[in-house]
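J.: See coords10.cif below, with mmCIF, C-alpha atoms and all ligand atoms.
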data_upload
loop_
_atom_site.label_atom_id
_atom_site.label_comp_id
_atom_site.auth_asym_id
_atom_site.auth_seq_id
_atom_site.Cartn_x
_atom_site.Cartn_y
_atom_site.Cartn_z
CA MET A 1 -53.67 -5.90 42.66
CA LYS A 2 -53.72 -2.16 42.81
CA LEU A 3 -49.95 -2.02 43.20
CA LYS A 4 -49.46 -4.31 40.22
CA PHE A 5 -51.67 -2.03 38.15
CA LYS A 6 -49.65 0.99 39.22
CA ILE A 7 -46.40 -0.66 38.28
CA ILE A 8 -47.68 -1.61 34.83
CA LEU A 9 -49.00 1.90 34.31
CA GLY A 10 -45.64 3.26 35.43
CA ILE A 11 -43.78 1.12 32.91
CA ILE A 12 -46.12 2.08 30.08
CA SER A 13 -45.72 5.79 30.78
CA LEU A 14 -41.95 5.40 30.96
CA VAL A 15 -41.91 3.75 27.54
CA VAL A 16 -44.13 6.49 26.15
CA LEU A 17 -42.03 9.23 27.71
CA ALA A 18 -38.85 7.61 26.42
CA GLN A 19 -40.14 8.22 22.89
CA LEU A 20 -39.51 11.92 23.47
CA ILE A 21 -35.81 11.19 23.65
CA ARG A 22 -34.60 10.67 20.12
CA PRO A 23 -31.17 10.34 18.53
CA GLU A 24 -29.75 13.43 16.87
CA GLU A 25 -29.02 14.11 13.22
CA ILE A 26 -30.33 11.05 11.47
CA SER A 27 -33.78 11.16 13.07
CA SER A 28 -34.51 14.30 11.11
CA ALA A 29 -32.54 13.44 7.98
CA LYS A 30 -34.79 12.60 5.09
CA ALA A 31 -34.05 9.45 3.19
CA GLN A 32 -32.51 10.27 -0.16
CA PRO A 33 -32.87 7.66 -2.83
CA VAL A 34 -29.61 6.56 -4.39
CA LYS A 35 -29.50 6.02 -8.11
CA MET A 36 -28.91 2.44 -9.20
CA LEU A 37 -25.17 1.75 -9.09
CA ALA A 38 -24.16 2.87 -12.56
CA GLY A 39 -22.44 0.26 -14.70
CA VAL A 40 -23.49 -2.65 -12.50
CA PRO A 41 -26.17 -5.09 -13.68
CA GLU A 42 -29.51 -4.53 -12.01
CA GLU A 43 -29.68 -7.85 -10.20
CA VAL A 44 -26.24 -7.32 -8.64
CA ALA A 45 -27.05 -3.77 -7.59
CA LYS A 46 -30.33 -5.04 -6.15
CA VAL A 47 -28.51 -7.44 -3.81
CA LEU A 48 -26.46 -4.61 -2.35
CA GLU A 49 -29.41 -2.27 -2.20
CA THR A 50 -31.56 -4.74 -0.30
CA SER A 51 -28.93 -5.88 2.16
CA CYS A 52 -26.51 -3.01 2.58
CA PHE A 53 -27.93 0.37 1.60
CA ASP A 54 -29.82 0.81 4.86
CA CYS A 55 -26.55 1.39 6.66
CA HIS A 56 -24.11 2.10 3.84
CA SER A 57 -25.81 4.84 1.84
CA SER A 58 -27.96 7.88 2.28
CA GLN A 59 -30.93 5.73 1.29
CA THR A 60 -32.17 4.48 4.62
CA SER A 61 -35.50 2.83 5.20
CA TRP A 62 -36.71 2.81 8.75
CA ARG A 63 -39.40 0.35 9.81
CA TRP A 64 -41.84 1.51 12.49
CA PHE A 65 -40.03 -0.48 15.17
CA ASP A 66 -36.72 1.11 14.16
CA ARG A 67 -38.16 4.43 15.23
CA LEU A 68 -38.90 3.37 18.79
CA THR A 69 -36.57 4.52 21.55
CA PRO A 70 -34.14 2.93 22.37
CA VAL A 71 -33.96 0.93 19.09
CA ASN A 72 -33.59 4.15 17.09
CA PHE A 73 -30.34 4.97 18.90
CA LEU A 74 -28.88 1.66 17.84
CA VAL A 75 -30.06 2.06 14.25
CA ALA A 76 -28.69 5.62 14.08
CA SER A 77 -25.29 4.50 15.35
CA HIS A 78 -25.21 1.65 12.80
CA ILE A 79 -25.92 4.06 10.00
CA ARG A 80 -23.35 6.58 11.19
CA ASP A 81 -20.58 3.96 11.56
CA GLY A 82 -21.63 2.04 8.48
CA ARG A 83 -21.43 5.09 6.22
CA LYS A 84 -18.06 6.00 7.61
CA THR A 85 -16.52 2.75 6.35
CA LEU A 86 -18.47 2.29 3.14
CA ASP A 87 -20.86 4.71 1.46
CA PHE A 88 -22.53 3.67 -1.78
CA SER A 89 -23.91 7.19 -2.20
CA GLN A 90 -20.44 8.19 -3.40
CA TRP A 91 -20.64 5.75 -6.31
CA ASP A 92 -21.19 8.36 -9.03
CA SER A 93 -18.10 10.30 -8.04
CA LEU A 94 -15.82 7.27 -8.22
CA ALA A 95 -13.68 6.04 -11.11
CA THR A 96 -14.06 2.43 -12.28
CA PRO A 97 -11.06 0.98 -10.39
CA GLN A 98 -12.33 2.62 -7.18
CA ARG A 99 -15.81 1.25 -7.81
CA ASN A 100 -14.39 -2.23 -8.29
CA ALA A 101 -12.33 -1.88 -5.14
CA MET A 102 -15.47 -0.83 -3.28
CA LEU A 103 -17.37 -3.90 -4.48
CA TYR A 104 -14.41 -6.07 -3.60
CA PHE A 105 -14.33 -4.52 -0.12
CA ALA A 106 -18.07 -5.17 0.20
CA LEU A 107 -17.67 -8.80 -0.91
CA ASN A 108 -14.95 -9.27 1.71
CA GLY A 109 -17.32 -7.96 4.37
CA ILE A 110 -19.91 -10.51 3.28
CA LEU A 111 -17.52 -13.45 2.94
CA SER A 112 -16.11 -12.81 6.40
CA LYS A 113 -19.72 -13.19 7.61
CA GLU A 114 -19.57 -9.83 9.37
CA MET A 115 -22.05 -8.24 7.03
CA PRO A 116 -24.91 -7.58 7.01
CA LEU A 117 -24.91 -7.24 10.79
CA SER A 118 -26.68 -10.24 12.27
CA SER A 119 -28.32 -8.09 14.92
CA TYR A 120 -29.99 -6.33 12.02
CA THR A 121 -31.05 -9.29 9.89
CA THR A 122 -32.91 -10.81 12.84
CA LEU A 123 -35.38 -7.95 12.69
CA HIS A 124 -35.01 -7.34 8.95
CA PRO A 125 -34.92 -10.84 7.46
CA SER A 126 -35.22 -9.49 3.91
CA ALA A 127 -31.68 -8.12 4.25
CA LYS A 128 -30.29 -11.63 4.70
CA LEU A 129 -28.15 -12.84 1.82
CA ASP A 130 -28.59 -16.30 0.46
CA PRO A 131 -25.63 -18.08 -1.17
CA LYS A 132 -27.09 -17.32 -4.60
CA ASP A 133 -26.84 -13.57 -3.97
CA ILE A 134 -23.23 -13.93 -2.90
CA ASP A 135 -22.39 -16.01 -5.98
CA LEU A 136 -24.00 -13.36 -8.17
CA LEU A 137 -21.79 -10.67 -6.72
CA ARG A 138 -18.70 -12.85 -6.88
CA ALA A 139 -19.37 -13.88 -10.47
CA TYR A 140 -19.86 -10.27 -11.48
CA LEU A 141 -16.54 -9.23 -9.97
CA LEU A 142 -14.81 -12.20 -11.54
CA ASN A 143 -16.14 -11.69 -15.05
CA ASN A 144 -16.49 -7.99 -15.43
CA ALA A 145 -14.27 -6.24 -13.00
CA VAL A 146 -11.14 -8.15 -13.83
CA SER A 147 -8.49 -6.16 -15.68
CA LYS A 148 -6.88 -7.55 -18.79
CA PRO A 149 -4.10 -10.05 -18.07
CA SER A 150 -0.78 -8.55 -19.09
CA ASN A 151 1.61 -10.09 -21.55
CA VAL A 152 4.82 -9.13 -19.82
CA GLU A 153 7.32 -11.91 -19.35
CA ASN A 154 7.40 -13.66 -15.98
CA LYS A 155 10.67 -12.86 -14.25
CA ALA A 156 9.80 -14.87 -11.18
CA ASP A 157 13.03 -16.80 -11.08
CA LYS A 158 15.38 -13.96 -11.79
CA PRO A 159 16.94 -12.03 -8.93
CA PHE A 160 15.32 -8.64 -8.56
CA VAL A 161 17.69 -6.10 -7.07
CA LYS A 162 20.85 -6.27 -5.00
CA GLU A 163 19.92 -3.85 -2.28
CA VAL A 164 16.41 -3.25 -1.06
CA LYS A 165 15.57 -0.10 0.91
CA LYS A 166 13.74 -0.27 4.24
CA SER A 167 10.03 0.41 4.52
CA PRO A 168 9.14 3.90 5.88
CA ASN A 169 8.22 2.30 9.24
CA GLY A 170 11.70 0.80 9.55
CA MET A 171 10.86 -2.77 8.53
CA ALA A 172 13.61 -4.51 6.60
CA TYR A 173 13.03 -6.59 3.48
CA LEU A 174 13.07 -10.37 4.04
CA PRO A 175 14.38 -12.10 0.91
CA ASN A 176 14.08 -15.51 2.58
CA TYR A 177 10.37 -15.83 2.09
CA ARG A 178 10.89 -17.74 -1.15
CA ASN A 179 12.05 -20.70 0.92
CA TRP A 180 8.97 -20.68 3.14
CA LYS A 181 5.92 -22.83 2.71
CA ALA A 182 3.16 -21.58 0.43
CA ILE A 183 0.07 -21.76 2.59
CA SER A 184 -2.55 -20.30 0.32
CA THR A 185 -3.19 -18.79 -3.08
CA THR A 186 -5.86 -16.30 -3.94
CA GLU A 187 -7.00 -14.35 -6.90
CA ARG A 188 -8.12 -10.78 -6.73
CA PHE A 189 -11.00 -10.25 -9.10
CA ASP A 190 -10.91 -6.52 -9.36
CA ASN A 191 -7.31 -5.99 -10.44
CA GLY A 192 -6.38 -9.22 -12.19
CA THR A 193 -3.63 -10.56 -9.95
CA ILE A 194 -2.70 -13.97 -8.64
CA ARG A 195 -1.33 -14.08 -5.15
CA ILE A 196 0.65 -16.62 -3.15
CA ILE A 197 0.85 -16.41 0.61
CA PHE A 198 3.91 -17.86 2.32
CA GLY A 199 4.29 -18.62 6.03
CA ASN A 200 7.62 -18.84 7.88
CA PRO A 201 8.40 -21.97 9.98
CA ILE A 202 6.85 -20.39 13.11
CA ALA A 203 3.61 -19.81 11.21
CA VAL A 204 3.58 -23.38 9.90
CA GLU A 205 4.21 -24.80 13.37
CA ALA A 206 1.40 -22.70 14.81
CA ILE A 207 -0.92 -24.10 12.15
CA HIS A 208 0.01 -27.68 13.01
CA LYS A 209 -0.61 -26.99 16.68
CA GLY A 210 -3.83 -25.18 15.93
CA LYS A 211 -2.60 -22.12 17.83
CA THR A 212 -3.37 -19.39 15.37
CA ASN A 213 -5.56 -16.95 17.24
CA PRO A 214 -3.57 -15.04 18.20
CA TRP A 215 -0.61 -16.08 16.06
CA PRO A 216 2.59 -16.51 18.13
CA ASP A 217 5.28 -13.83 18.14
CA GLY A 218 7.72 -14.35 15.30
CA THR A 219 5.06 -15.47 12.83
CA ILE A 220 5.64 -13.93 9.42
CA PHE A 221 3.43 -13.97 6.36
CA ALA A 222 4.57 -12.90 2.93
CA LYS A 223 2.00 -12.29 0.27
CA THR A 224 3.25 -12.01 -3.30
CA ALA A 225 1.19 -10.76 -6.20
CA TRP A 226 1.73 -11.40 -9.89
CA LYS A 227 -0.17 -10.16 -12.91
CA GLN A 228 -2.31 -12.85 -14.44
CA GLN A 229 -0.89 -13.88 -17.75
CA LYS A 230 -2.96 -15.73 -20.27
CA ALA A 231 -1.25 -18.46 -22.26
CA GLU A 232 -2.32 -19.46 -25.76
CA ASP A 233 -4.15 -22.47 -24.37
CA GLY A 234 -6.25 -20.16 -22.23
CA ASN A 235 -4.62 -21.08 -18.94
CA VAL A 236 -3.84 -18.23 -16.63
CA TYR A 237 -0.55 -18.19 -14.80
CA ALA A 238 1.68 -15.79 -12.90
CA GLY A 239 3.10 -13.05 -15.10
CA GLN A 240 4.82 -9.82 -14.13
CA PHE A 241 5.77 -9.46 -10.48
CA VAL A 242 3.61 -6.81 -8.81
CA GLN A 243 4.58 -6.70 -5.16
CA VAL A 244 5.36 -8.53 -1.94
CA GLU A 245 3.78 -7.67 1.40
CA PHE A 246 4.78 -8.80 4.87
CA MET A 247 3.07 -9.11 8.23
CA VAL A 248 5.46 -9.74 11.13
CA LYS A 249 3.91 -10.67 14.47
CA GLY A 250 5.16 -9.00 17.64
CA ALA A 251 2.41 -8.47 20.19
CA LYS A 252 4.49 -6.00 22.22
CA ARG A 253 6.87 -4.70 19.61
CA TYR A 254 4.09 -3.79 17.20
CA ALA A 255 1.43 -3.03 19.82
CA GLY A 256 0.72 0.30 18.12
CA THR A 257 -0.22 -1.40 14.84
CA LYS A 258 -2.44 -4.23 16.11
CA GLY A 259 0.46 -6.51 16.99
CA TRP A 260 1.83 -6.74 13.46
CA GLY A 261 4.61 -4.99 11.54
CA TRP A 262 3.34 -4.21 8.03
CA ALA A 263 5.44 -3.64 4.93
CA ARG A 264 5.14 -3.75 1.15
CA TRP A 265 7.70 -3.61 -1.65
CA LYS A 266 6.50 -2.88 -5.15
CA GLY A 267 7.60 -3.93 -8.59
CA GLU A 268 10.69 -5.72 -9.75
CA ASN A 269 12.82 -2.95 -8.28
CA LEU A 270 11.28 -3.69 -4.86
CA LEU A 271 10.62 -0.08 -3.99
CA PRO A 272 9.34 0.36 -0.42
CA TYR A 273 5.70 1.39 -0.35
CA GLY A 274 4.35 4.27 1.74
CA LYS A 275 5.03 7.98 2.01
CA THR A 276 4.93 8.32 5.78
CA VAL A 277 5.62 6.13 8.81
CA LYS A 278 1.87 5.76 9.27
CA PHE A 279 1.24 4.30 5.81
CA ASP A 280 0.30 1.04 7.53
CA SER A 281 -3.02 2.43 8.76
CA GLU A 282 -4.23 1.64 5.24
CA CYS A 283 -3.25 -2.02 5.68
CA ILE A 284 -4.91 -2.17 9.08
CA SER A 285 -8.19 -0.66 8.00
CA CYS A 286 -8.63 -3.18 5.19
CA HIS A 287 -7.63 -6.09 7.44
CA ARG A 288 -10.05 -4.86 10.12
CA PRO A 289 -12.91 -7.23 9.21
CA GLU A 290 -10.55 -9.99 10.41
CA ARG A 291 -9.92 -8.38 13.80
CA ASN A 292 -11.38 -11.41 15.57
CA SER A 293 -8.87 -13.60 13.74
CA ASP A 294 -5.80 -11.56 14.67
CA TYR A 295 -6.15 -9.44 11.50
CA VAL A 296 -5.25 -12.38 9.28
CA PHE A 297 -7.48 -13.34 6.34
CA THR A 298 -5.91 -16.67 5.52
CA ARG A 299 -7.71 -19.49 7.28
CA PRO A 300 -5.50 -22.16 8.83
CA LEU A 301 -8.20 -24.79 8.31
CA ASP A 302 -7.59 -24.67 4.57
CA ILE A 303 -3.89 -25.04 5.16
CA LYS A 304 -4.33 -28.06 7.42
CA GLY A 305 -6.27 -29.80 4.67
CA LEU A 306 -3.49 -29.09 2.19
CA ASP A 307 -0.81 -30.35 4.53
CA LYS A 308 -2.41 -33.75 4.98
CA LYS A 309 -2.14 -34.58 1.31
C1 LIG B 1 -27.50 -2.65 10.25
C2 LIG B 1 -26.57 -1.86 9.53
C3 LIG B 1 -25.64 -2.53 8.51
C4 LIG B 1 -25.99 -3.30 7.41
C5 LIG B 1 -27.37 -3.71 6.97
C6 LIG B 1 -24.74 -3.59 6.74
N1 LIG B 1 -23.69 -3.04 7.41
FE1 LIG B 1 -21.72 -3.10 6.88
N2 LIG B 1 -21.21 -2.04 8.55
C7 LIG B 1 -22.12 -1.56 9.48
C8 LIG B 1 -21.39 -0.91 10.56
C9 LIG B 1 -22.00 -0.29 11.80
C10 LIG B 1 -20.01 -1.01 10.23
C11 LIG B 1 -18.83 -0.51 11.02
C12 LIG B 1 -18.34 -1.65 11.85
C13 LIG B 1 -17.38 -1.24 12.93
O1 LIG B 1 -16.84 -0.14 12.85
O2 LIG B 1 -17.21 -2.07 13.82
C14 LIG B 1 -19.94 -1.72 8.96
C15 LIG B 1 -18.76 -2.02 8.31
C16 LIG B 1 -18.69 -2.63 7.07
C17 LIG B 1 -17.47 -2.89 6.35
C18 LIG B 1 -16.07 -2.55 6.82
C19 LIG B 1 -15.39 -3.73 7.44
C20 LIG B 1 -15.73 -3.95 8.88
O3 LIG B 1 -16.15 -5.08 9.21
O4 LIG B 1 -15.51 -3.04 9.71
C21 LIG B 1 -17.81 -3.50 5.18
C22 LIG B 1 -16.88 -3.98 4.07
C23 LIG B 1 -19.25 -3.63 5.16
N3 LIG B 1 -19.75 -3.10 6.32
C24 LIG B 1 -19.99 -4.19 4.13
C25 LIG B 1 -21.36 -4.40 4.17
C26 LIG B 1 -22.10 -5.06 3.12
C27 LIG B 1 -21.50 -5.57 1.82
C28 LIG B 1 -23.41 -5.11 3.51
C29 LIG B 1 -24.57 -5.74 2.78
C30 LIG B 1 -24.42 -7.14 2.46
C31 LIG B 1 -23.49 -4.48 4.83
N4 LIG B 1 -22.23 -4.08 5.19
C32 LIG B 1 -24.66 -4.33 5.55
C33 LIG B 1 -23.48 -1.66 9.45
C34 LIG B 1 -24.20 -2.38 8.50
C1 LIG B 2 -7.92 -3.51 -0.11
C2 LIG B 2 -7.78 -4.23 1.13
C3 LIG B 2 -6.38 -4.56 1.63
C4 LIG B 2 -5.36 -3.69 1.90
C5 LIG B 2 -5.35 -2.18 1.73
C6 LIG B 2 -4.28 -4.48 2.40
N1 LIG B 2 -4.63 -5.81 2.44
FE1 LIG B 2 -3.44 -7.36 2.99
N2 LIG B 2 -4.90 -8.67 2.49
C7 LIG B 2 -6.15 -8.33 2.01
C8 LIG B 2 -6.90 -9.55 1.74
C9 LIG B 2 -8.32 -9.64 1.23
C10 LIG B 2 -6.05 -10.62 2.07
C11 LIG B 2 -6.38 -12.11 1.94
C12 LIG B 2 -5.64 -12.74 0.81
C13 LIG B 2 -6.12 -12.30 -0.53
O1 LIG B 2 -7.33 -12.24 -0.78
O2 LIG B 2 -5.25 -12.03 -1.37
C14 LIG B 2 -4.81 -10.04 2.54
C15 LIG B 2 -3.73 -10.77 2.98
C16 LIG B 2 -2.54 -10.24 3.40
C17 LIG B 2 -1.41 -11.01 3.87
C18 LIG B 2 -1.39 -12.52 4.06
C19 LIG B 2 -1.92 -12.83 5.47
C20 LIG B 2 -3.43 -12.73 5.56
O3 LIG B 2 -3.95 -11.81 6.24
O4 LIG B 2 -4.12 -13.55 4.96
C21 LIG B 2 -0.40 -10.13 4.13
C22 LIG B 2 0.98 -10.47 4.61
C23 LIG B 2 -0.92 -8.80 3.86
N3 LIG B 2 -2.22 -8.90 3.40
C24 LIG B 2 -0.19 -7.64 4.05
C25 LIG B 2 -0.70 -6.36 3.81
C26 LIG B 2 0.08 -5.13 3.99
C27 LIG B 2 1.49 -5.06 4.49
C28 LIG B 2 -0.73 -4.10 3.62
C29 LIG B 2 -0.43 -2.60 3.59
C30 LIG B 2 0.80 -2.17 2.91
C31 LIG B 2 -2.00 -4.69 3.23
N4 LIG B 2 -1.95 -6.05 3.37
C32 LIG B 2 -3.07 -3.94 2.78
C33 LIG B 2 -6.64 -7.08 1.83
C34 LIG B 2 -5.90 -5.90 1.97
#
Kindly transcribe the structure held in the file into structure tokens.
Ligand code: HEC
Ligand code: HEC
T.:
Amino acid sequence: MKLKFKIILGIISLVVLAQLIRPEEISSAKAQPVKMLAGVPEEVAKVLETSCFDCHSSQTSWRWFDRLTPVNFLVASHIRDGRKTLDFSQWDSLATPQRNAMLYFALNGILSKEMPLSSYTTLHPSAKLDPKDIDLLRAYLLNNAVSKPSNVENKADKPFVKEVKKSPNGMAYLPNYRNWKAISTTERFDNGTIRIIFGNPIAVEAIHKGKTNPWPDGTIFAKTAWKQQKAEDGNVYAGQFVQVEFMVKGAKRYAGTKGWGWARWKGENLLPYGKTVKFDSECISCHRPERNSDYVFTRPLDIKGLDKK
């Protein structure tokens, strides 16, 4: 009995003593309120404020249990890493297209179910998003952040250029993609484009076999983007060609860039994109939320459904 008492007392004093050890920096940083996201309707801004600002802005709100060691170390590291990737406190210094891109980036984080961190919402249930909140954000991006469809003629079927230069990382242009299977189409709200994603035969076979994580070597995706063009009847269809992007799988060959070779050619002149060899770090960082799906956004499940028809 006495021993038991001693042990309990020992544990209690350890917990109390542990409180003296506190994480650096953020423990002392005072919470600074962020102004409402300018130009965004209040209810949309509210969704982000409630669910994301704790880790993605200088406006943090610590509950009493967040301040306990060791929880505070975890919270501090979330805030540090969270702000590094996305910081809403910078909103006022951003131009409209950058703001839209930021919201689009945020929406992607939510749709991929990575955000808000589930380890966080367990203790902070008010940060959980319900489908209505997500629809609100999506609808806002769709209706307000979309740029005006252009009226330039669609040159989709005309040959572009005779010779296409290599990408700065040495990847060669692959004109064949037009003969591949279209496996998905998407629409990007913030910049008014329609995109078609093509998969080469190796990609299509992998989908049929259900072996898509990781994708087999030799898989290639091509994603084309076109300006949305509005017809008189109100229908939106592909207008001016914007760009084509490729991801070529080679687990060993492209080990330095997450197992994929990345390349983009822009405009009807197919000019290679990127100033330096390392331009692809931009591609990788935006594809990062999909790191558990081999860095690929497109979901094979959707494709399977389409194939059956
Ligand atoms: C508990 C803290 C926390 C909350 C709340 C939170 N995030 Fe994050 N977020 C992080 C951390 C930490 C990272 C960095 C992840 C990494 O590096 O692995 C991150 C990364 C991201 C990224 C970059 C992509 C990625 O997965 O690496 C996006 C986008 C994002 N968050 C959006 C959001 C949105 C939108 C919300 C609100 C709906 C939100 N986050 C809520 C902590 C949080
Ligand atoms: C702003 C974020 C962002 C950046 C930067 C980005 N991508 Fe993507 N990428 C996406 C999203 C989101 C998708 C999913 C399809 C969609 O929504 O259009 C995608 C899809 C793709 C696909 C189709 C396969 C897939 O993952 O679904 C290819 C190929 C691709 N991107 C190549 C590139 C290349 C090459 C670069 C760099 C030159 C790049 N991307 C940079 C966000 C980005």
J.: Check the smallest atom-to-atom distance from each of A:Gly267, A:Pro289, A:Gly199, A:Pro214 to Ala182 of chain A using all atoms listed in the file, then report the winner.
T.: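 Closest residue, counting all atoms listed in the file: A:Gly199.
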J.: Identify, counting all atoms listed in the file, the protein, DNA and RNA residues located within 9 Å of ligand LIG 2 (chain B), and give them as a PyMOL selection string.
T.: chain A and resi 101-102+104-105+108+184-188+193-199+220-225+244-248+261-265+273-274+279-287+290+294-299
J.: Neighbours of ligand LIG 1 (chain B) at 7 Å or closer, counting all atoms listed in the file: which residues, as an MDAnalysis selection string?
T.: chainID A and resid 48 51:56 75 77:79 81:82 85:86 105:110 114:117 120 127 129 288:289
J.: Give me, please, the distance in Å between atom CA of Lys252 of chain A and atom CA of Asp217 of chain A, quoted to one decimal.
T.: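 These two atoms are separated by 8.9 Å.
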J.: Contacts of segment 3-17 of chain A at 12 Å or less, counting all atoms listed in the file, minus same-chain residues fewer than 5 places along, as a list in words?
T.: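 These residues fall inside the cut-off: Arg22, Leu68, Thr69, Pro70 and Val71 of chain A.
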J.: If the box runs along x, y and z of the file and leaves 5 Å on each side of segment 84-93 of chain A, what are its centre and edge lengths in Å, one decimal, as lines of an AutoDock Vina configuration file?
T.:
center_x = -20.2
center_y = 6.3
center_z = -0.7
size_x = 17.4
size_y = 18.0
size_z = 26.6
J.: Select, from A:Thr50, A:Pro41, A:Asp87, A:Lys266, the residue with the minimum atom-to-atom distance to Ser126 of chain A, counting only C-alpha atoms.
T.: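 Going through A:Thr50, A:Pro41, A:Asp87, A:Lys266 one by one, the smallest distance to Ser126 of chain A is for A:Thr50.
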J.: Got a sec: who's within 6 Å of Trp226 of chain A, counting all atoms listed in the file, leaving out chain neighbours fewer than 4 positions off, as a list in words?
T.: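 Near Trp226 of chain A, the qualifying residues are Thr193, Ile194, Ala238, Gly239, Gln240, Phe241 and Val242 of chain A.
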J.: A:Leu270, A:Ser58, A:Glu49, A:Lys132: which is nearest Lys166 of chain A, counting only C-alpha atoms?
T.: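 Ranked by minimum distance to Lys166 of chain A, first place goes to A:Leu270.
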J.: Choose the residue, out of A:Leu136, A:Thr257, A:Thr60, A:Lys2, that has the smallest atom-to-atom separation from Val40 of chain A; count only C-alpha atoms.
T.: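 Counting only C-alpha atoms, the residue closest to Val40 of chain A is A:Leu136.
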J.: Pick out the closest residue to Val44 of chain A from this set: A:Ile134, A:Lys278, A:Leu111, A:Asn176. Count only C-alpha atoms.
T.: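 Using only C-alpha atoms, the shortest distance to Val44 of chain A belongs to A:Ile134.
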J.: Could you check how far atom CA of Ser119 of chain A sits from atom CA of Asn292 of chain A, in Å to one decimal?
T.: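 That distance, rounded to one decimal, is 17.3 Å.
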J.: Between A:Pro131, A:Gly259, A:Pro201, A:Gly250, single out the one closest to Ile183 of chain A, counting all atoms listed in the file.
T.: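 Of the candidates, the smallest distance to Ile183 of chain A is held by A:Pro201.
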J.: Between atom CA of Val47 of chain A and atom CA of Arg99 of chain A, what is the distance, to one decimal in Å?
T.: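 Separating atom CA of Val47 of chain A from atom CA of Arg99 of chain A is a distance of 15.9 Å.
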J.: Tell me which protein, DNA and RNA residues are within 10 Å of segment 64-66 of chain A, counting all atoms listed in the file, leaving out same-chain ones fewer than 6 positions away, and put them as a list in words.
T.: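 Everything that qualifies: Asn72, Phe73, Leu74, Val75, Ala76 and Leu123 of chain A.
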